[in-house]
Amino acid sequence: MKPYVSALNATLKPVNVLVRDMQIEPQSFDRVLSSMCTEPHPVARKAAERFLATNPGDPGTYPNVTALEEDAIATLGEIAGLEDPAGYVASGGTEANIQAVRIARDRAETRTLNVVMPESGHFSFQKAADVLGVELRIVPTDDDFRADLEAVRSCVDAETAMVVGVAGTTEYGRVDPIPELGEIARSVGALLHVDAAWGGFVLPFTDHEWHFGHAAVDTMAIDPHKMGQAAVPAGGLLVRSDDLLDELAVDTPYLESTSQATLTGTRSGAGVASAVAAMDELWPEGYRRQYARSRHNAEWLANALEKRGYDVVDPTLPLVAADLPRSTFDALRDEGWRISRTGTGELRVVCMPHVSREMLASFIGDLDRLEVRASVPVASGD
Ligand SMILES: Cc1ncc(COP(=O)(O)O)c(C=O)c1O
């Protein structure tokens with residue numbers, strides 16, 4: 001048999017296996033502590049199902065979902081302190097970040113460009129830099145895991161097209177000093193992008209300065225499919241003014257609409273519709289209540305871990321990181337807990353809407369049991 005054919009046969013499954021695969025249940029959320037997504041709100045799930053077969057990438061054919069997308073951007077603008085917002089519902093924070101870098105690259109007047117980002121920035125900027133051919137300059141964070149302003153200042157230059165600030169970092173939930181980053185960006189004629197992909201739906205209920213109304217922000221990632229409780233895929237790209245979005249527009253000759261600013265072409269209307277449904281239902285009071293619940297849960301968990309002698313990174317947003325021994329971490333995963341680690345190895349728990357106090361109590365119960373078991377001396381047998 002030719003190598004290609006044997007490789008193909010190895011990947012083909014018998015029909016009965018395929019049928020069984022179709023019946024696999026989706027992941028339950030009852031042990032998921034590491035995800036930045038959550039169970040969609042019931043109204044968001046319903047809207048996603050209704051609009052599943054629509055394509056906002058073709059507004060001439062699917063005008064209803066296009067109208068919904070305008071509603072989505074209007075509410076995202078309200079959340080992010082932006083009057084007359086422009087933007088679109090993207091596939092997620094990755095696309096929004098890539099597109100923001102693309103805007104900055106196309107705006108810049110120099111040919112060799114760089115983007116300056118704290119080391120807490122999401123890895124999607126690495127993808128953006130690769131795809132768009134810009135240099136990504138990564139600067140250290142301070143003792144509290146926030147962008148070190150001195151480091152940013154000494155890294156920017158005349159070729160800096162964009163400075164990135166994160167409002168809700170993936171690993172520690174930190175909020176960078178956004179107004180100061182805006183000033184640094186302006187001082188070299190660069191744009192300021194805020195990555196609020198995860199934090200955007202909790203920050204309105206805090207004192208942090210993070211949005212268009214607080215600072216010279218040009219572009220922002222803010223994802224309904226994370227804390228916004230919409231169905232995946234529903235990310236958000238917001239830009240300060242239409243001309244920034246125009247940087248992304250390409251002509252669309254065979255469509256009734258004349259141009260398209262998105263990175264994807266065909267895209268599911270499910271994300272758009274579910275984002276609108278979730279935001280209509282929850283903004284602002286429902287999100288405020290959810291934030292309070294998530295924050296209390298994060299504080300409770302941080303306390304419980306501290307009492308047991310672990311080093312805990314104080315949560316500022318509902319995300320807890322703590323130093324657990326590797327063996328304990330692995331044992332918890334073996335118990336079925338979906339947990340993950342920061343780059344430096346700490347346990348990381350994201351208190352998303354589906355994470356209840358009961359879940360966290362059961363997690364701590366398992367932790368206690370495992371620690372007791374680990375401390376019992378193994379019988380020597382002699
Ligand atoms: C701060 C931040 N930005 C961007 C992303 C990427 O978002 P997505 O996975 O929706 O593309 C994430 C993902 O967790 C994130 O935490």
# chains A, B, ... in the order shown; residues from 1 in each chain; ligands from 1

$ residues_near_ligand --ligand "ligand 1" --cutoff "6 Å" --atoms "only C-alpha atoms and all ligand atoms" --output "NGL selection string"
:A and (36 or 92-94 or 122 or 169-170 or 195 or 197-198)

$ residues_around --residues "Val175 (chain A)" --least-positions-apart "6" --cutoff "8 Å" --atoms "only C-alpha atoms" --output "VMD selection string"
chain A and resid 146 166 to 169 208 210

$ write_last_selection --atoms "N, CA and C atoms" --output "PDB file, in the first residue's frame"
ATOM      1  N   ARG A 146       1.263  44.364  36.590  1.00  0.00           N
ATOM      2  CA  ARG A 146       0.706  45.353  35.657  1.00  0.00           C
ATOM      3  C   ARG A 146       1.841  45.901  34.797  1.00  0.00           C
ATOM      4  N   VAL A 166      -3.723  45.970  28.842  1.00  0.00           N
ATOM      5  CA  VAL A 166      -4.693  44.898  29.084  1.00  0.00           C
ATOM      6  C   VAL A 166      -5.581  45.294  30.264  1.00  0.00           C
ATOM      7  N   ALA A 167      -6.884  45.205  30.050  1.00  0.00           N
ATOM      8  CA  ALA A 167      -7.842  45.515  31.121  1.00  0.00           C
ATOM      9  C   ALA A 167      -8.497  44.202  31.528  1.00  0.00           C
ATOM     10  N   GLY A 168      -7.801  43.480  32.390  1.00  0.00           N
ATOM     11  CA  GLY A 168      -8.240  42.140  32.802  1.00  0.00           C
ATOM     12  C   GLY A 168      -7.324  41.109  32.178  1.00  0.00           C
ATOM     13  N   THR A 169      -6.162  40.911  32.787  1.00  0.00           N
ATOM     14  CA  THR A 169      -5.181  40.012  32.155  1.00  0.00           C
ATOM     15  C   THR A 169      -5.603  38.546  32.322  1.00  0.00           C
ATOM     16  N   HIS A 208     -11.856  51.028  38.248  1.00  0.00           N
ATOM     17  CA  HIS A 208     -10.720  51.096  37.326  1.00  0.00           C
ATOM     18  C   HIS A 208     -10.987  52.054  36.160  1.00  0.00           C
ATOM     19  N   TRP A 210     -10.425  52.343  32.444  1.00  0.00           N
ATOM     20  CA  TRP A 210     -10.039  51.340  31.442  1.00  0.00           C
ATOM     21  C   TRP A 210     -10.587  51.613  30.050  1.00  0.00           C
TER      22      TRP A 210
END

$ residues_around --residues "Gly235 (chain A)" --least-positions-apart "5" --cutoff "12 Å" --atoms "only C-alpha atoms" --output "PyMOL selection string"
chain A and resi 37+69+72-73+76+87-97+99+195-198+200-201+220-230+262+267-268+270-272+274-276

$ select_by_dssp --residues "region 184-287 of chain A" --states "alpha helix (DSSP H)" --output "PDB file with C-alpha atoms, in the first residue's frame"
ATOM      1  CA  ILE A 184       2.865  57.308  26.260  1.00  0.00           C
ATOM      2  CA  ALA A 185       1.255  56.168  23.012  1.00  0.00           C
ATOM      3  CA  ARG A 186       0.309  59.734  22.089  1.00  0.00           C
ATOM      4  CA  SER A 187       3.825  60.990  22.858  1.00  0.00           C
ATOM      5  CA  ASP A 242     -15.256  55.153  11.512  1.00  0.00           C
ATOM      6  CA  ASP A 243     -12.022  56.093   9.774  1.00  0.00           C
ATOM      7  CA  LEU A 244     -10.177  53.515  11.899  1.00  0.00           C
ATOM      8  CA  LEU A 245     -12.540  50.803  10.738  1.00  0.00           C
ATOM      9  CA  ASP A 246     -12.063  52.007   7.163  1.00  0.00           C
ATOM     10  CA  GLY A 269     -25.069  35.038  12.954  1.00  0.00           C
ATOM     11  CA  ALA A 270     -25.410  32.947  16.133  1.00  0.00           C
ATOM     12  CA  GLY A 271     -22.712  34.973  17.853  1.00  0.00           C
ATOM     13  CA  VAL A 272     -24.230  38.307  16.865  1.00  0.00           C
ATOM     14  CA  ALA A 273     -27.770  37.369  17.900  1.00  0.00           C
ATOM     15  CA  SER A 274     -26.715  35.790  21.172  1.00  0.00           C
ATOM     16  CA  ALA A 275     -24.570  38.814  22.057  1.00  0.00           C
ATOM     17  CA  VAL A 276     -27.549  41.123  21.546  1.00  0.00           C
ATOM     18  CA  ALA A 277     -29.886  38.835  23.496  1.00  0.00           C
ATOM     19  CA  ALA A 278     -27.457  38.506  26.429  1.00  0.00           C
ATOM     20  CA  MET A 279     -26.729  42.240  26.580  1.00  0.00           C
ATOM     21  CA  ASP A 280     -30.439  43.181  26.281  1.00  0.00           C
ATOM     22  CA  GLU A 281     -31.190  40.861  29.170  1.00  0.00           C
ATOM     23  CA  LEU A 282     -28.231  41.625  31.437  1.00  0.00           C
ATOM     24  CA  GLU A 285     -28.108  45.187  36.311  1.00  0.00           C
ATOM     25  CA  GLY A 286     -27.708  41.501  35.495  1.00  0.00           C
ATOM     26  CA  TYR A 287     -23.992  41.960  34.806  1.00  0.00           C
TER      27      TYR A 287
END

$ residues_around --residues "Ile364 (chain A)" --least-positions-apart "6" --cutoff "12 Å" --atoms "only C-alpha atoms" --output "NGL selection string"
:A and (300-308 or 328 or 332 or 337 or 357-358 or 370-371)

$ decode --residues "region 253-270 of chain A" --atoms "N, CA and C atoms" --output "short mmCIF file (atom, residue, chain, number, x, y, z; two decimals), in the first residue's frame"
data_model
loop_
_atom_site.label_atom_id
_atom_site.label_comp_id
_atom_site.auth_asym_id
_atom_site.auth_seq_id
_atom_site.Cartn_x
_atom_site.Cartn_y
_atom_site.Cartn_z
N PRO A 253 -16.70 42.78 -4.51
CA PRO A 253 -17.33 42.92 -5.82
C PRO A 253 -18.60 42.09 -6.04
N TYR A 254 -18.68 40.84 -5.57
CA TYR A 254 -19.85 40.03 -5.94
C TYR A 254 -20.99 40.11 -4.93
N LEU A 255 -20.81 40.92 -3.87
CA LEU A 255 -21.87 41.07 -2.87
C LEU A 255 -22.63 42.38 -3.10
N GLU A 256 -23.82 42.46 -2.55
CA GLU A 256 -24.60 43.69 -2.68
C GLU A 256 -24.03 44.81 -1.82
N SER A 257 -23.37 44.43 -0.70
CA SER A 257 -22.68 45.45 0.10
C SER A 257 -21.36 45.77 -0.61
N THR A 258 -20.81 46.94 -0.35
CA THR A 258 -19.65 47.35 -1.15
C THR A 258 -18.30 47.01 -0.52
N SER A 259 -18.27 46.85 0.81
CA SER A 259 -16.98 46.56 1.44
C SER A 259 -17.18 45.74 2.70
N GLN A 260 -16.08 45.16 3.16
CA GLN A 260 -16.13 44.30 4.36
C GLN A 260 -14.91 44.59 5.21
N ALA A 261 -15.15 44.79 6.52
CA ALA A 261 -14.03 45.12 7.42
C ALA A 261 -13.58 43.92 8.26
N THR A 262 -14.38 42.85 8.26
CA THR A 262 -14.04 41.72 9.13
C THR A 262 -12.86 40.93 8.57
N LEU A 263 -12.24 40.12 9.44
CA LEU A 263 -11.15 39.26 8.96
C LEU A 263 -11.74 38.01 8.33
N THR A 264 -12.78 37.45 8.97
CA THR A 264 -13.46 36.30 8.37
C THR A 264 -14.45 36.81 7.35
N GLY A 265 -14.84 35.94 6.41
CA GLY A 265 -15.85 36.30 5.41
C GLY A 265 -17.20 35.83 5.93
N THR A 266 -17.58 34.62 5.56
CA THR A 266 -18.80 34.04 6.13
C THR A 266 -18.59 33.85 7.62
N ARG A 267 -19.56 34.27 8.42
CA ARG A 267 -19.46 34.05 9.87
C ARG A 267 -20.86 33.78 10.40
N SER A 268 -20.91 33.11 11.53
CA SER A 268 -22.22 32.71 12.04
C SER A 268 -22.95 33.89 12.68
N GLY A 269 -24.23 34.03 12.30
CA GLY A 269 -25.07 35.04 12.95
C GLY A 269 -25.41 34.65 14.39
N ALA A 270 -25.10 33.41 14.77
CA ALA A 270 -25.41 32.95 16.13
C ALA A 270 -24.72 33.83 17.17
#
